[in-house]
>>> print(open('coords_13.cif').read())   # mmCIF, C-alpha atoms
data_query
#
loop_
_atom_site.label_atom_id
_atom_site.label_comp_id
_atom_site.auth_asym_id
_atom_site.auth_seq_id
_atom_site.Cartn_x
_atom_site.Cartn_y
_atom_site.Cartn_z
CA MET A 29 -6.07 -1.60 31.28
CA SER A 30 -8.28 1.27 30.24
CA ALA A 31 -8.64 3.16 27.00
CA GLU A 32 -6.93 6.56 26.89
CA ASN A 33 -10.35 8.10 27.22
CA GLY A 34 -10.95 6.26 30.50
CA THR A 35 -13.38 3.69 29.16
CA ALA A 36 -12.81 0.36 30.88
CA LYS A 37 -12.96 -2.95 29.05
CA SER A 38 -16.01 -3.89 31.10
CA GLU A 39 -17.85 -0.78 29.95
CA THR A 40 -17.11 -1.33 26.28
CA GLY A 41 -17.80 -5.06 26.48
CA SER A 42 -14.47 -5.66 24.78
CA ALA A 43 -13.04 -8.31 27.06
CA GLY A 44 -12.17 -11.34 24.94
CA LYS A 45 -13.86 -9.90 21.84
CA ARG A 46 -12.38 -10.02 18.36
CA LEU A 47 -13.38 -7.59 15.64
CA LEU A 48 -12.79 -7.64 11.91
CA LEU A 49 -12.11 -4.10 10.71
CA VAL A 50 -12.71 -3.73 6.96
CA GLU A 51 -11.27 -0.49 5.61
CA ASP A 52 -9.25 0.42 2.52
CA ASN A 53 -7.83 3.72 3.76
CA ALA A 54 -4.66 3.42 5.84
CA VAL A 55 -5.32 6.52 7.98
CA ASN A 56 -8.85 5.45 8.85
CA MET A 57 -7.71 1.92 9.54
CA GLN A 58 -4.84 2.89 11.84
CA ILE A 59 -6.94 5.36 13.83
CA ALA A 60 -9.77 2.86 14.27
CA GLN A 61 -7.28 0.14 15.25
CA LEU A 62 -5.69 2.42 17.86
CA ILE A 63 -9.06 3.22 19.41
CA LEU A 64 -10.32 -0.35 19.37
CA LYS A 65 -7.14 -1.98 20.65
CA ARG A 66 -6.82 0.58 23.43
CA ALA A 67 -10.39 -0.25 24.41
CA GLY A 68 -9.35 -3.87 24.77
CA PHE A 69 -10.55 -5.46 21.53
CA THR A 70 -8.50 -7.84 19.45
CA VAL A 71 -8.57 -6.46 15.92
CA GLU A 72 -7.97 -8.11 12.58
CA THR A 73 -8.12 -6.14 9.36
CA ALA A 74 -9.09 -6.51 5.73
CA GLU A 75 -8.60 -3.83 3.10
CA ASN A 76 -11.61 -4.65 0.97
CA GLY A 77 -14.91 -6.46 1.08
CA GLN A 78 -13.75 -9.55 -0.76
CA LEU A 79 -10.94 -10.18 1.71
CA ALA A 80 -13.44 -9.73 4.52
CA VAL A 81 -15.80 -12.30 3.02
CA ASP A 82 -12.90 -14.72 2.55
CA MET A 83 -11.72 -14.25 6.15
CA VAL A 84 -15.19 -14.68 7.61
CA SER A 85 -15.93 -17.72 5.42
CA ALA A 86 -12.72 -19.39 6.56
CA SER A 87 -13.30 -18.64 10.24
CA GLU A 88 -14.76 -20.81 12.94
CA PRO A 89 -18.08 -19.67 14.45
CA GLY A 90 -17.40 -17.37 17.35
CA TYR A 91 -13.98 -16.31 16.11
CA TYR A 92 -15.22 -12.87 15.07
CA ASP A 93 -17.64 -11.19 17.43
CA ALA A 94 -18.47 -8.32 15.09
CA ILE A 95 -17.38 -6.67 11.88
CA LEU A 96 -16.79 -2.97 11.28
CA MET A 97 -17.34 -2.40 7.58
CA ASP A 98 -16.44 0.59 5.46
CA ILE A 99 -18.74 1.05 2.48
CA GLN A 100 -16.74 2.52 -0.38
CA MET A 101 -13.86 0.14 -1.08
CA PRO A 102 -12.18 -1.30 -4.17
CA VAL A 103 -12.74 -4.87 -5.37
CA MET A 104 -15.92 -5.31 -3.30
CA ASP A 105 -17.78 -2.59 -1.43
CA GLY A 106 -19.25 -2.87 2.05
CA TYR A 107 -22.82 -3.46 0.91
CA ALA A 108 -21.83 -6.35 -1.37
CA ALA A 109 -19.56 -7.82 1.29
CA THR A 110 -22.34 -7.66 3.86
CA ARG A 111 -24.80 -9.35 1.52
CA ALA A 112 -22.23 -12.05 0.77
CA ILE A 113 -21.63 -12.67 4.48
CA ARG A 114 -25.36 -12.76 5.17
CA ALA A 115 -25.67 -15.41 2.42
CA LEU A 116 -23.06 -17.73 3.92
CA HIS A 117 -24.22 -21.27 4.41
CA ARG A 118 -23.08 -21.49 8.05
CA ARG A 119 -25.71 -19.57 9.96
CA GLU A 120 -23.40 -18.61 12.83
CA LEU A 121 -21.10 -16.87 10.38
CA ALA A 122 -23.93 -15.31 8.41
CA GLU A 123 -25.33 -13.73 11.59
CA ILE A 124 -22.15 -11.98 12.75
CA PRO A 125 -23.14 -8.39 13.58
CA ILE A 126 -21.87 -5.99 10.92
CA VAL A 127 -21.62 -2.29 11.68
CA ALA A 128 -21.21 0.27 8.89
CA LEU A 129 -18.32 2.67 9.48
CA THR A 130 -18.56 5.27 6.77
CA ALA A 131 -18.52 8.88 5.68
CA ASN A 132 -21.90 8.18 4.02
CA VAL A 133 -24.31 9.75 6.49
CA PHE A 134 -27.41 10.59 4.50
CA ARG A 135 -30.68 8.92 5.43
CA GLU A 136 -30.62 6.82 2.26
CA ASP A 137 -27.12 5.61 3.18
CA VAL A 138 -28.30 4.47 6.59
CA GLU A 139 -31.26 2.75 4.93
CA ALA A 140 -29.00 1.11 2.36
CA ALA A 141 -26.75 -0.19 5.13
CA LYS A 142 -29.78 -1.64 6.89
CA ALA A 143 -31.12 -3.15 3.67
CA ALA A 144 -27.77 -4.88 3.06
CA GLY A 145 -28.00 -6.46 6.50
CA MET A 146 -25.95 -4.14 8.70
CA VAL A 147 -27.13 -3.77 12.27
CA ALA A 148 -25.79 -0.28 13.03
CA HIS A 149 -24.20 2.73 11.39
CA ILE A 150 -21.28 4.84 12.64
CA ALA A 151 -20.30 8.02 10.83
CA LYS A 152 -16.81 9.07 9.88
CA PRO A 153 -15.01 11.15 11.12
CA VAL A 154 -15.34 8.73 13.99
CA ASP A 155 -16.58 9.78 17.40
CA VAL A 156 -14.67 7.59 19.84
CA GLN A 157 -17.43 7.40 22.44
CA LYS A 158 -20.13 6.65 19.88
CA LEU A 159 -17.98 3.96 18.27
CA LEU A 160 -17.39 2.20 21.58
CA ALA A 161 -20.98 2.66 22.77
CA THR A 162 -22.35 1.25 19.54
CA LEU A 163 -20.08 -1.76 19.74
CA CYS A 164 -21.02 -2.31 23.36
CA SER A 165 -24.68 -2.22 22.41
CA VAL A 166 -24.26 -4.55 19.43
CA LEU A 167 -22.17 -7.06 21.35
CA SER A 168 -24.51 -7.08 24.33
CA GLN A 169 -27.36 -8.17 22.08
CA ARG A 170 -25.64 -11.39 21.06
CA MET B 5 8.73 20.23 10.20
CA MET B 6 5.04 19.96 10.91
CA THR B 7 4.14 20.61 14.52
CA LEU B 8 0.92 20.62 16.48
CA GLU B 9 1.26 24.38 16.92
CA ALA B 10 1.72 24.95 13.20
CA LEU B 11 -1.34 22.83 12.45
CA LYS B 12 -3.37 24.75 14.99
CA HIS B 13 -2.27 28.05 13.43
CA TYR B 14 -3.17 26.65 10.00
CA GLY B 15 -6.70 26.06 11.21
CA ALA B 16 -6.76 22.36 11.96
CA ASN B 17 -8.92 21.31 14.87
CA THR B 18 -5.99 19.67 16.61
CA ALA B 19 -7.94 19.03 19.81
CA GLU B 20 -10.45 16.95 17.86
CA GLY B 21 -7.79 15.15 15.80
CA MET B 22 -5.64 14.45 18.85
CA GLY B 23 -8.67 13.18 20.75
CA ARG B 24 -9.38 10.72 17.98
CA CYS B 25 -5.74 9.64 18.16
CA LEU B 26 -5.99 9.21 21.92
CA ASN B 27 -3.74 12.22 22.52
CA ASN B 28 -0.72 10.51 21.00
CA GLU B 29 0.97 13.46 19.31
CA SER B 30 3.52 11.54 17.24
CA PHE B 31 0.79 9.19 16.02
CA TYR B 32 -1.49 12.12 15.15
CA LEU B 33 1.24 13.90 13.19
CA LYS B 34 2.04 10.65 11.36
CA MET B 35 -1.64 10.28 10.43
CA VAL B 36 -1.77 13.89 9.23
CA ALA B 37 1.23 13.28 6.97
CA MET B 38 -0.36 10.10 5.61
CA ALA B 39 -3.68 11.83 4.99
CA LEU B 40 -1.98 14.66 3.09
CA ALA B 41 -0.11 12.11 0.94
CA ASP B 42 -3.36 10.37 -0.08
CA LYS B 43 -3.38 9.65 -3.83
CA ASN B 44 -7.06 10.55 -3.89
CA PHE B 45 -6.02 14.20 -4.05
CA ASP B 46 -4.47 13.53 -7.49
CA ARG B 47 -7.43 11.36 -8.50
CA LEU B 48 -9.82 14.13 -7.50
CA LYS B 49 -8.01 16.73 -9.56
CA GLU B 50 -7.81 14.43 -12.58
CA ALA B 51 -11.47 13.54 -12.33
CA VAL B 52 -12.58 17.17 -12.01
CA ASP B 53 -10.36 18.17 -14.94
CA ALA B 54 -11.92 15.37 -17.00
CA GLY B 55 -15.45 16.26 -15.92
CA ASP B 56 -15.89 12.78 -14.42
CA THR B 57 -18.25 13.50 -11.55
CA HIS B 58 -18.53 9.87 -10.40
CA ALA B 59 -14.76 9.46 -10.05
CA ALA B 60 -14.54 12.90 -8.43
CA PHE B 61 -17.24 11.98 -5.93
CA ALA B 62 -15.48 8.71 -5.08
CA ALA B 63 -12.17 10.49 -4.50
CA ALA B 64 -13.75 13.30 -2.47
CA HIS B 65 -15.74 10.83 -0.40
CA SER B 66 -12.63 8.84 0.40
CA LEU B 67 -10.75 11.98 1.42
CA LYS B 68 -13.68 13.11 3.55
CA GLY B 69 -13.14 10.19 5.91
CA SER B 70 -9.38 10.46 6.35
CA ILE B 71 -9.07 14.25 6.32
CA GLY B 72 -12.03 14.43 8.68
CA ASN B 73 -10.46 11.92 11.03
CA VAL B 74 -7.32 14.08 11.38
CA ALA B 75 -9.49 17.22 11.54
CA LEU B 76 -7.71 19.23 8.85
CA THR B 77 -10.60 21.70 8.78
CA PRO B 78 -9.39 24.00 5.94
CA ILE B 79 -9.32 20.96 3.63
CA TYR B 80 -12.25 19.10 5.18
CA GLU B 81 -14.79 21.87 4.67
CA PRO B 82 -14.39 22.22 0.88
CA ILE B 83 -14.22 18.42 0.60
CA CYS B 84 -17.59 18.14 2.36
CA ALA B 85 -19.04 20.83 0.13
CA LEU B 86 -17.72 19.12 -3.01
CA THR B 87 -19.01 15.71 -1.91
CA GLU B 88 -22.49 17.18 -1.38
CA LEU B 89 -22.31 18.97 -4.72
CA LEU B 90 -21.29 15.87 -6.68
CA ARG B 91 -23.52 13.33 -5.00
CA GLY B 92 -25.69 11.62 -7.59
CA LYS B 93 -24.52 13.87 -10.41
CA ASP B 94 -23.80 12.42 -13.84
CA ALA B 95 -22.40 15.60 -15.41
CA PRO B 96 -20.13 18.46 -14.29
CA VAL B 97 -21.81 20.99 -12.03
CA PRO B 98 -21.04 24.68 -11.45
CA GLY B 99 -18.75 25.23 -8.54
CA MET B 100 -16.97 21.89 -8.62
CA GLU B 101 -13.79 23.30 -10.13
CA THR B 102 -13.67 26.14 -7.61
CA LEU B 103 -14.06 23.73 -4.70
CA ALA B 104 -11.43 21.40 -6.16
CA GLU B 105 -9.04 24.37 -6.39
CA GLN B 106 -9.77 25.29 -2.77
CA ILE B 107 -8.98 21.74 -1.71
CA THR B 108 -5.70 21.76 -3.65
CA ALA B 109 -4.69 25.14 -2.20
CA ALA B 110 -5.54 24.12 1.36
CA ARG B 111 -3.62 20.88 0.95
CA GLU B 112 -0.54 22.66 -0.44
CA LYS B 113 -0.63 25.09 2.46
CA ALA B 114 -0.71 22.18 4.91
CA LEU B 115 2.15 20.45 3.11
CA SER B 116 4.26 23.60 3.42
CA LEU B 117 3.99 23.67 7.23
#
>>> encode(input="coords_13.cif", output="structure tokens")
Amino acid sequence: MSAENGTAKSETGSAGKRLLLVEDNAVNMQIAQLILKRAGFTVETAENGQLAVDMVSASEPGYYDAILMDIQMPVMDGYAATRAIRALHRRELAEIPIVALTANVFREDVEAAKAAGMVAHIAKPVDVQKLLATLCSVLSQR
Amino acid sequence: MMTLEALKHYGANTAEGMGRCLNNESFYLKMVAMALADKNFDRLKEAVDAGDTHAAFAAAHSLKGSIGNVALTPIYEPICALTELLRGKDAPVPGMETLAEQITAAREKALSL
């Protein structure tokens, strides 16, 4: 099965991969889910950083292949959630690739994402091809 | 009833929004309706009226993502301008009320489609 945009699962590296999508806005979440599921990913969601930390902490190593993390969220923002995940005792969980997915696109935002421990940065409004290419790149490095 | 044609006439970049929604028209229109119903529009207005630039920035920033994703250009452009204007500001700045009014007007026009 291919994504609507013709990108095969093999090209996106999505086969058998599970993502955690962390996003508080329903529109952004549903659009991202549509794109990711059509590309062949299994997607779980969390609507704030604290829920994401809880879900990752409770998971078995290898359950989540990567995390897409919004930055501005209630309860716990994406930077704090990333730092909390990076501080987890189980190294395999702490090292899950985390990609920022955010409308923050200034240089200092990209640097802040990196400083928090994120491995890549995708701007909103989302570019479908860039999203999938970035995920492919991140997942291929594992 | 809101249609793709009406949105196009309004000035939305429907090709971009539809592309992001994988050309699923009913899904795109549902996302547009959800984006226009976002409570951050009210929060933005309240924050601007109160001169709270941090709350206004947070609301505008949140709207930037969702309105941008559905490519409602007439709303997106003043939202981007307002986000840039308010970034890092601790006190009200000239122009923020005008941009907030433009956002409100553009949103109301979209809601009337």
>>> residues_near_point(input="coords_13.cif", point="(-14.3, 18.5, 11.8)", cutoff="12 Å", atoms="only C-alpha atoms", output="VMD selection string")
(chain A and resid 152 to 155) or (chain B and resid 15 to 24 68 to 84)
>>> interface_residues(input="coords_13.cif", of="chain A", to="chain B", cutoff="7 Å", atoms="all atoms listed in the file", output="list in words")
Glu32, Asn33, Val55, Asn56, Ile59, Ala131, Lys152, Pro153, Val154 and Val156 of chain A
>>> residues_around(input="coords_13.cif", residues="Glu72 (chain A)", least_positions_apart="5", cutoff="8 Å", atoms="all atoms listed in the file", output="number ranges by chain")
A: 46-49
>>> write_last_selection(input="coords_13.cif", atoms="C-alpha atoms", output="short mmCIF file (atom, residue, chain, number, x, y, z; two decimals), in the coordinates of the input")
data_model
loop_
_atom_site.label_atom_id
_atom_site.label_comp_id
_atom_site.auth_asym_id
_atom_site.auth_seq_id
_atom_site.Cartn_x
_atom_site.Cartn_y
_atom_site.Cartn_z
CA ARG A 46 -12.38 -10.02 18.36
CA LEU A 47 -13.38 -7.59 15.64
CA LEU A 48 -12.79 -7.64 11.91
CA LEU A 49 -12.11 -4.10 10.71
#
>>> residues_around(input="coords_13.cif", residues="Lys45 (chain A)", least_positions_apart="6", cutoff="8 Å", atoms="only C-alpha atoms", output="compact mmCIF listing (two decimals) with C-alpha atoms, keeping the file's coordinate frame")
# COMPACT_ATOMS: atom_id res chain seq x y z
CA PHE A 69 -10.55 -5.46 21.53
CA THR A 70 -8.50 -7.84 19.45
CA TYR A 92 -15.22 -12.87 15.07
CA ASP A 93 -17.64 -11.19 17.43
>>> resolve_selection(input="coords_13.cif", expression="the PyMOL selection byres ((chain B and resi 116) around 12)", output="list in words")
Met5, Met6, Thr7, Ala10, Leu11, Tyr14, Ala37, Leu40, Ala109, Ala110, Arg111, Glu112, Lys113, Ala114, Leu115 and Leu117 of chain B
>>> resolve_selection(input="coords_13.cif", expression="the PyMOL selection byres ((chain A and resi 102-107) around 7)", output="PyMOL selection string")
chain A and resi 76-78+97-101+108-111+141+144
>>> resolve_selection(input="coords_13.cif", expression="the PyMOL selection byres ((chain B and resi 52) around 12)", output="number ranges by chain")
B: 44-51, 53-64, 86, 90, 95-105, 107-108
>>> atom_distance(input="coords_13.cif", atom1="CA of Ala128 (chain A)", atom2="CA of Glu29 (chain B)")
27.8 Å
>>> closest_residue(input="coords_13.cif", among="A:Ile126, A:Met83, A:Ala115, A:Leu121", to="Leu167 (chain A)", atoms="only C-alpha atoms")
A:Ile126
>>> decode(input="coords_13.cif", residues="region 56-132 of chain A", atoms="C-alpha atoms", output="CSV table (one decimal), in the first residue's frame")
chain,number,residue,atom,x,y,z
A,56,ASN,CA,-2.4,19.3,13.5
A,57,MET,CA,-2.6,15.9,15.1
A,58,GLN,CA,-5.2,14.5,12.7
A,59,ILE,CA,-3.4,15.8,9.6
A,60,ALA,CA,-0.1,14.3,10.8
A,61,GLN,CA,-1.8,11.0,11.7
A,62,LEU,CA,-3.3,10.9,8.2
A,63,ILE,CA,0.0,11.4,6.5
A,64,LEU,CA,1.9,9.0,8.7
A,65,LYS,CA,-0.6,6.2,8.7
A,66,ARG,CA,-1.0,6.5,4.9
A,67,ALA,CA,2.8,6.2,4.7
A,68,GLY,CA,2.6,2.9,6.6
A,69,PHE,CA,3.5,3.9,10.1
A,70,THR,CA,1.7,2.8,13.2
A,71,VAL,CA,0.9,5.9,15.2
A,72,GLU,CA,0.2,6.5,18.8
A,73,THR,CA,-0.6,9.9,20.2
A,74,ALA,CA,-0.2,12.0,23.3
A,75,GLU,CA,-1.6,15.5,23.7
A,76,ASN,CA,1.1,16.9,25.9
A,77,GLY,CA,4.7,16.3,27.0
A,78,GLN,CA,3.9,14.7,30.3
A,79,LEU,CA,1.7,12.0,28.7
A,80,ALA,CA,4.5,11.3,26.2
A,81,VAL,CA,7.0,10.9,29.0
A,82,ASP,CA,4.7,8.5,30.8
A,83,MET,CA,4.0,6.5,27.7
A,84,VAL,CA,7.7,6.2,26.8
A,85,SER,CA,8.7,5.3,30.4
A,86,ALA,CA,6.1,2.6,30.5
A,87,SER,CA,7.1,1.1,27.1
A,88,GLU,CA,9.4,-1.7,26.3
A,89,PRO,CA,12.6,-0.9,24.4
A,90,GLY,CA,11.9,-1.0,20.7
A,91,TYR,CA,8.2,-0.4,21.0
A,92,TYR,CA,8.5,3.2,19.7
A,93,ASP,CA,10.9,3.8,16.9
A,94,ALA,CA,10.7,7.5,17.0
A,95,ILE,CA,8.8,10.4,18.5
A,96,LEU,CA,7.4,13.5,16.8
A,97,MET,CA,7.2,16.2,19.3
A,98,ASP,CA,5.4,19.5,19.2
A,99,ILE,CA,7.1,22.2,21.3
A,100,GLN,CA,4.4,24.5,22.7
A,101,MET,CA,2.0,22.3,24.7
A,102,PRO,CA,0.1,22.6,28.0
A,103,VAL,CA,1.2,20.7,31.1
A,104,MET,CA,4.7,20.0,29.8
A,105,ASP,CA,6.2,21.4,26.6
A,106,GLY,CA,8.3,19.6,24.0
A,107,TYR,CA,11.7,20.7,25.3
A,108,ALA,CA,10.9,19.6,28.9
A,109,ALA,CA,9.5,16.3,27.6
A,110,THR,CA,12.5,15.6,25.5
A,111,ARG,CA,14.9,16.4,28.4
A,112,ALA,CA,12.8,14.1,30.6
A,113,ILE,CA,13.0,11.2,28.1
A,114,ARG,CA,16.7,11.7,27.6
A,115,ALA,CA,17.1,11.4,31.4
A,116,LEU,CA,15.3,8.1,31.6
A,117,HIS,CA,17.2,5.4,33.3
A,118,ARG,CA,16.8,2.8,30.6
A,119,ARG,CA,19.2,3.8,27.9
A,120,GLU,CA,17.2,2.3,25.0
A,121,LEU,CA,14.3,4.4,25.9
A,122,ALA,CA,16.4,7.5,26.6
A,123,GLU,CA,17.9,7.2,23.1
A,124,ILE,CA,14.7,7.1,21.1
A,125,PRO,CA,15.0,9.6,18.2
A,126,ILE,CA,12.9,12.7,18.9
A,127,VAL,CA,12.0,15.0,16.0
A,128,ALA,CA,10.6,18.5,16.7
A,129,LEU,CA,7.4,19.2,14.8
A,130,THR,CA,6.7,22.9,15.3
A,131,ALA,CA,5.8,26.3,14.0
A,132,ASN,CA,8.9,27.6,15.8
